[in-house]
$ cat structure-v1.cif   # mmCIF, C-alpha atoms
data_protein
#
loop_
_atom_site.label_atom_id
_atom_site.label_comp_id
_atom_site.auth_asym_id
_atom_site.auth_seq_id
_atom_site.Cartn_x
_atom_site.Cartn_y
_atom_site.Cartn_z
CA GLY A 1 37.58 34.91 145.46
CA LEU A 2 34.52 33.29 147.00
CA GLY A 3 32.54 36.47 146.43
CA ASP A 4 33.60 36.50 142.78
CA LEU A 5 32.62 32.84 142.42
CA PHE A 6 29.13 33.61 143.78
CA ASP A 7 28.79 36.68 141.53
CA ILE A 8 29.70 34.64 138.45
CA ALA A 9 27.31 31.85 139.48
CA ASN A 10 24.50 34.35 139.97
CA ARG A 11 25.12 35.80 136.51
CA HIS A 12 24.95 32.33 134.95
CA ALA A 13 21.83 31.50 136.96
CA ARG A 14 20.09 34.65 135.71
CA GLU A 15 21.06 33.82 132.11
CA SER A 16 19.71 30.29 132.54
CA GLN A 17 16.27 31.63 133.45
CA SER A 18 15.56 32.43 129.82
CA ILE A 19 16.67 28.96 128.73
CA SER A 20 14.54 26.82 131.01
CA VAL A 21 11.29 27.70 132.76
CA GLU A 22 12.05 25.00 135.36
CA LEU A 23 15.15 26.86 136.55
CA ILE A 24 13.26 30.07 137.34
CA HIS A 25 11.90 28.70 140.58
CA SER A 26 15.18 27.20 141.74
CA VAL A 27 17.42 30.23 141.16
CA VAL A 28 18.58 31.87 144.37
CA ASP A 29 20.61 35.05 144.33
CA ALA A 30 23.62 34.50 146.59
CA GLY A 31 24.00 37.76 148.45
CA GLN A 32 27.16 38.09 150.45
CA GLY A 33 28.73 40.05 153.24
CA VAL A 34 31.37 39.83 155.93
CA LEU A 35 30.24 39.55 159.54
CA SER A 36 32.52 41.27 162.00
CA GLY A 37 32.71 40.61 165.73
CA GLU A 38 30.10 43.30 166.38
CA LYS A 39 27.60 41.64 164.02
CA THR A 40 27.65 38.38 165.97
CA SER A 41 24.91 39.79 168.20
CA ASP A 42 22.73 40.19 165.09
CA GLU A 43 19.63 38.02 165.42
CA GLN A 44 19.04 37.86 161.67
CA ALA A 45 18.86 34.33 160.28
CA TYR A 46 21.26 33.58 157.45
CA ASP A 47 20.99 30.78 154.89
CA VAL A 48 24.72 30.03 155.03
CA VAL A 49 27.57 31.22 157.24
CA ILE A 50 31.12 30.45 156.07
CA LEU A 51 34.10 30.47 158.42
CA PRO A 52 37.11 31.26 156.21
CA PRO A 53 40.67 29.97 156.41
CA ASN A 54 42.88 31.56 159.03
CA LEU A 55 46.57 31.95 158.34
CA THR A 56 47.39 33.83 161.57
CA GLY A 57 47.58 30.75 163.79
CA ALA A 58 44.45 31.78 165.72
CA ARG A 59 42.06 28.91 166.43
CA GLY A 60 39.13 30.75 168.03
CA GLN A 61 39.14 29.05 171.42
CA SER A 62 38.34 32.29 173.27
CA ASP A 63 35.93 33.75 170.67
CA VAL A 64 32.88 33.12 172.87
CA ALA A 65 30.66 35.64 171.05
CA ILE A 66 31.33 33.92 167.73
CA HIS A 67 30.64 30.48 169.26
CA GLN A 68 27.29 31.75 170.60
CA PHE A 69 26.46 33.30 167.23
CA LEU A 70 27.24 30.02 165.45
CA ARG A 71 25.10 27.99 167.87
CA PHE A 72 22.25 30.51 167.50
CA GLN A 73 22.44 30.44 163.70
CA HIS A 74 22.61 26.65 163.67
CA ALA A 75 19.48 26.46 165.86
CA LEU A 76 17.71 28.71 163.30
CA GLY A 77 18.55 26.23 160.51
CA THR A 78 21.52 28.05 159.00
CA THR A 79 23.98 25.88 157.09
CA LEU A 80 27.39 26.41 158.70
CA CYS A 81 30.52 25.97 156.62
CA SER A 82 34.23 26.17 157.30
CA VAL A 83 37.35 26.21 155.19
CA CYS A 84 40.68 24.93 156.52
CA ALA A 85 41.31 26.18 160.08
CA GLY A 86 37.81 27.68 160.17
CA ALA A 87 36.72 24.26 161.44
CA PHE A 88 38.31 25.08 164.80
CA TRP A 89 35.60 27.70 165.46
CA LEU A 90 32.88 25.13 164.73
CA GLY A 91 34.64 22.69 167.04
CA HIS A 92 35.00 25.21 169.87
CA ALA A 93 31.32 26.09 169.46
CA GLY A 94 30.54 22.41 170.14
CA LEU A 95 28.84 21.97 166.77
CA LEU A 96 31.04 19.17 165.42
CA SER A 97 30.77 16.74 168.35
CA GLY A 98 30.21 13.22 167.04
CA ARG A 99 30.14 14.45 163.44
CA PRO A 100 32.45 13.96 160.47
CA ALA A 101 34.62 16.94 159.55
CA THR A 102 37.74 17.87 157.64
CA THR A 103 40.41 20.54 157.83
CA HIS A 104 43.85 20.94 156.27
CA TRP A 105 45.88 17.74 156.63
CA ALA A 106 48.75 19.67 158.26
CA LEU A 107 46.38 20.60 161.12
CA GLU A 108 45.34 17.00 161.80
CA GLU A 109 47.27 16.44 165.03
CA GLU A 110 46.38 19.84 166.49
CA PHE A 111 42.70 19.36 165.61
CA GLU A 112 42.58 15.87 167.12
CA ARG A 113 44.24 17.11 170.33
CA SER A 114 41.61 19.84 170.59
CA PHE A 115 38.58 17.73 169.62
CA SER A 116 38.81 14.01 170.30
CA ASN A 117 35.06 13.52 169.77
CA ILE A 118 35.02 14.54 166.09
CA ALA A 119 35.34 12.03 163.25
CA LEU A 120 38.16 13.82 161.41
CA ALA A 121 38.77 12.77 157.80
CA VAL A 122 41.67 14.89 156.51
CA ASP A 123 42.00 12.88 153.31
CA ARG A 124 38.74 14.48 152.12
CA ILE A 125 38.55 17.96 150.58
CA LEU A 126 34.90 18.45 151.50
CA ILE A 127 32.46 16.81 153.89
CA ASP A 128 28.78 17.72 153.58
CA ASP A 129 26.98 16.63 156.73
CA ASN A 130 23.71 18.32 155.69
CA ASP A 131 23.65 21.37 157.96
CA ILE A 132 27.41 21.59 158.48
CA ILE A 133 29.91 21.51 155.62
CA THR A 134 33.66 21.50 156.19
CA ALA A 135 36.35 21.93 153.53
CA GLY A 136 40.04 21.05 153.80
CA GLY A 137 42.94 23.23 152.70
CA VAL A 138 43.20 27.00 152.33
CA MET A 139 42.11 26.90 148.67
CA ALA A 140 39.26 24.48 149.35
CA TRP A 141 36.98 27.54 149.32
CA LEU A 142 36.74 26.78 145.58
CA ASP A 143 35.37 23.33 146.30
CA LEU A 144 33.02 24.70 148.96
CA GLY A 145 31.83 27.54 146.72
CA LEU A 146 31.05 25.24 143.82
CA HIS A 147 29.35 22.80 146.19
CA LEU A 148 27.09 25.57 147.51
CA VAL A 149 26.35 26.76 143.98
CA GLY A 150 25.31 23.20 143.15
CA ARG A 151 23.14 22.96 146.22
CA TYR A 152 21.30 26.22 145.62
CA LEU A 153 21.55 26.83 141.87
CA GLY A 154 22.00 23.38 140.32
CA ALA A 155 24.47 21.40 138.25
CA GLU A 156 24.13 23.49 135.10
CA VAL A 157 25.20 26.66 136.91
CA VAL A 158 28.09 24.79 138.58
CA SER A 159 29.30 23.64 135.17
CA LYS A 160 29.09 27.11 133.65
CA THR A 161 30.73 28.73 136.70
CA ALA A 162 33.58 26.19 136.75
CA ARG A 163 34.21 26.66 133.03
CA HIS A 164 34.21 30.43 133.50
CA LEU A 165 36.77 30.14 136.33
CA LEU A 166 38.79 27.37 134.63
CA VAL A 167 38.24 25.09 137.63
CA ASP A 168 37.95 21.31 137.49
CA THR A 169 34.78 20.11 139.17
CA GLN A 170 35.96 16.53 139.59
CA GLY A 171 36.12 15.53 143.25
CA ARG A 172 39.57 16.19 144.64
CA GLU A 173 41.01 14.63 147.76
CA GLN A 174 43.63 15.91 150.17
CA LYS A 175 45.48 12.61 150.14
CA ASN A 176 46.70 13.54 146.66
CA TYR A 177 48.48 16.56 148.16
CA ARG A 178 49.78 14.87 151.28
CA THR A 179 53.26 13.50 150.76
CA PHE A 180 55.39 11.01 152.63
CA ARG A 181 56.47 12.84 155.77
CA PRO A 182 58.99 10.74 157.68
CA ALA A 183 60.10 11.80 161.16
CA LEU A 184 63.40 13.62 160.68
CA GLY A 185 64.06 14.62 164.30
CA HIS A 186 65.68 11.32 165.28
CA GLY A 187 69.23 12.35 164.33
#

$ encode --input "structure-v1.cif" --output "structure tokens"
Amino acid sequence: GLGDLFDIANRHARESQSISVELIHSVVDAGQGVLSGEKTSDEQAYDVVILPPNLTGARGQSDVAIHQFLRFQHALGTTLCSVCAGAFWLGHAGLLSGRPATTHWALEEEFERSFSNIALAVDRILIDDNDIITAGGVMAWLDLGLHLVGRYLGAEVVSKTARHLLVDTQGREQKNYRTFRPALGHG
């Protein structure tokens, strides 16, 4: 889905070039690829690395090669992003210490147990802390994708991409999805 979003944004960005001379210099073609464990030794600098959601229950604590890769990329100026539980890998790499971050609201307690030195804000869908961007729930890749399109391709391309995908660009918050969850284990 994220790849499709970037492809659609690129198409709209290319079409916009003929409309406005000013956009020609700001259009960036968002190439994409998936980095496997073997590619973490790659010394190529990337503009953006996105850690996707993880529905397997893995949290990346022992993924030392990935942590080193993330620290290396961050030192090169790469913007690091995570969606949902992907934030755990950033946390284990030591890149979120003292910074604001978000993840899925259902992971709040587990995340806080693992990383007490991170300013967790699970009511937010997306937190852009300049060089590190975290997004909340599993489907928050939409919010992250549109945010990155806005950062690199501009508001006009975001608008056209969102209309194409039938996605609302108004800022969502996780607190709208979080419901009253009383403790039911008391008998």

$ resolve_selection --input "structure-v1.cif" --expression "the PyMOL selection byres ((chain A and resi 49-61) around 6)" --output "PyMOL selection string"
chain A and resi 48+62-63+80-86+88-89+92+138

$ write_last_selection --input "structure-v1.cif" --atoms "C-alpha atoms" --output "PDB file, keeping the file's coordinate frame"
ATOM      1  CA  VAL A  48      24.720  30.030 155.030  1.00  0.00           C
ATOM      2  CA  SER A  62      38.340  32.290 173.270  1.00  0.00           C
ATOM      3  CA  ASP A  63      35.930  33.750 170.670  1.00  0.00           C
ATOM      4  CA  LEU A  80      27.390  26.410 158.700  1.00  0.00           C
ATOM      5  CA  CYS A  81      30.520  25.970 156.620  1.00  0.00           C
ATOM      6  CA  SER A  82      34.230  26.170 157.300  1.00  0.00           C
ATOM      7  CA  VAL A  83      37.350  26.210 155.190  1.00  0.00           C
ATOM      8  CA  CYS A  84      40.680  24.930 156.520  1.00  0.00           C
ATOM      9  CA  ALA A  85      41.310  26.180 160.080  1.00  0.00           C
ATOM     10  CA  GLY A  86      37.810  27.680 160.170  1.00  0.00           C
ATOM     11  CA  PHE A  88      38.310  25.080 164.800  1.00  0.00           C
ATOM     12  CA  TRP A  89      35.600  27.700 165.460  1.00  0.00           C
ATOM     13  CA  HIS A  92      35.000  25.210 169.870  1.00  0.00           C
ATOM     14  CA  VAL A 138      43.200  27.000 152.330  1.00  0.00           C
TER      15      VAL A 138
END

$ residues_around --input "structure-v1.cif" --residues "A:Gly98" --least-positions-apart "5" --cutoff "7 Å" --atoms "all atoms listed in the file" --output "mmCIF file with C-alpha atoms, keeping the file's coordinate frame"
data_model
loop_
_atom_site.group_PDB
_atom_site.id
_atom_site.type_symbol
_atom_site.label_atom_id
_atom_site.label_comp_id
_atom_site.auth_asym_id
_atom_site.auth_seq_id
_atom_site.Cartn_x
_atom_site.Cartn_y
_atom_site.Cartn_z
ATOM 1 C CA ASN A 117 35.060 13.520 169.770
ATOM 2 C CA ILE A 118 35.020 14.540 166.090
ATOM 3 C CA ALA A 119 35.340 12.030 163.250
#

$ resolve_selection --input "structure-v1.cif" --expression "the PyMOL selection byres ((chain A and resi 76-78) around 8)" --output "ChimeraX atom specification"
/A:45-49,72-75,79-80,131

$ write_last_selection --input "structure-v1.cif" --atoms "C-alpha atoms" --output "PDB file, keeping the file's coordinate frame"
ATOM      1  CA  ALA A  45      18.860  34.330 160.280  1.00  0.00           C
ATOM      2  CA  TYR A  46      21.260  33.580 157.450  1.00  0.00           C
ATOM      3  CA  ASP A  47      20.990  30.780 154.890  1.00  0.00           C
ATOM      4  CA  VAL A  48      24.720  30.030 155.030  1.00  0.00           C
ATOM      5  CA  VAL A  49      27.570  31.220 157.240  1.00  0.00           C
ATOM      6  CA  PHE A  72      22.250  30.510 167.500  1.00  0.00           C
ATOM      7  CA  GLN A  73      22.440  30.440 163.700  1.00  0.00           C
ATOM      8  CA  HIS A  74      22.610  26.650 163.670  1.00  0.00           C
ATOM      9  CA  ALA A  75      19.480  26.460 165.860  1.00  0.00           C
ATOM     10  CA  THR A  79      23.980  25.880 157.090  1.00  0.00           C
ATOM     11  CA  LEU A  80      27.390  26.410 158.700  1.00  0.00           C
ATOM     12  CA  ASP A 131      23.650  21.370 157.960  1.00  0.00           C
TER      13      ASP A 131
END

$ residues_around --input "structure-v1.cif" --residues "A:Ala93" --least-positions-apart "5" --cutoff "7 Å" --atoms "only C-alpha atoms" --output "list in words"
His67, Leu70 and Arg71 of chain A

$ closest_residue --input "structure-v1.cif" --among "A:His12, A:Pro100, A:Ala140, A:Gly1" --to "A:Arg163" --atoms "all atoms listed in the file"
A:His12

$ atom_distance --input "structure-v1.cif" --atom1 "atom CA of A:Gly3" --atom2 "atom CA of A:Thr161"
12.6 Å

$ atom_distance --input "structure-v1.cif" --atom1 "atom CA of A:Leu144" --atom2 "atom CA of A:Leu120"
17.3 Å

$ atom_distance --input "structure-v1.cif" --atom1 "atom CA of A:Glu109" --atom2 "atom CA of A:Ile133"
20.4 Å

$ closest_residue --input "structure-v1.cif" --among "A:Phe69, A:Asp7, A:Val122, A:Val158" --to "A:Gly136" --atoms "all atoms listed in the file"
A:Val122

$ closest_residue --input "structure-v1.cif" --among "A:Leu153, A:Leu148, A:Leu96, A:Ala65" --to "A:Ser116" --atoms "only C-alpha atoms"
A:Leu96

$ closest_residue --input "structure-v1.cif" --among "A:Gly145, A:Leu107, A:Arg124, A:Met139" --to "A:Phe6" --atoms "only C-alpha atoms"
A:Gly145

$ closest_residue --input "structure-v1.cif" --among "A:Glu110, A:Glu15, A:Glu173, A:Glu156" --to "A:Asp123" --atoms "all atoms listed in the file"
A:Glu173

$ closest_residue --input "structure-v1.cif" --among "A:Ala106, A:Leu95, A:Ala155, A:Leu5" --to "A:Ile132" --atoms "all atoms listed in the file"
A:Leu95

$ residues_around --input "structure-v1.cif" --residues "A:Ala9" --least-positions-apart "4" --cutoff "9 Å" --atoms "all atoms listed in the file" --output "list in words"
Asp4, Leu5, Ala13, Arg14, Asp29, Ala30, Leu146, Val149, Leu153, Val157, Val158, Lys160, Thr161 and Ala162 of chain A

$ write_last_selection --input "structure-v1.cif" --atoms "C-alpha atoms" --output "JSON list (two decimals), in the frame of the given file"
[["chain", "number", "residue", "atom", "x", "y", "z"],
["A", 4, "ASP", "CA", 33.60, 36.50, 142.78],
["A", 5, "LEU", "CA", 32.62, 32.84, 142.42],
["A", 13, "ALA", "CA", 21.83, 31.50, 136.96],
["A", 14, "ARG", "CA", 20.09, 34.65, 135.71],
["A", 29, "ASP", "CA", 20.61, 35.05, 144.33],
["A", 30, "ALA", "CA", 23.62, 34.50, 146.59],
["A", 146, "LEU", "CA", 31.05, 25.24, 143.82],
["A", 149, "VAL", "CA", 26.35, 26.76, 143.98],
["A", 153, "LEU", "CA", 21.55, 26.83, 141.87],
["A", 157, "VAL", "CA", 25.20, 26.66, 136.91],
["A", 158, "VAL", "CA", 28.09, 24.79, 138.58],
["A", 160, "LYS", "CA", 29.09, 27.11, 133.65],
["A", 161, "THR", "CA", 30.73, 28.73, 136.70],
["A", 162, "ALA", "CA", 33.58, 26.19, 136.75]]
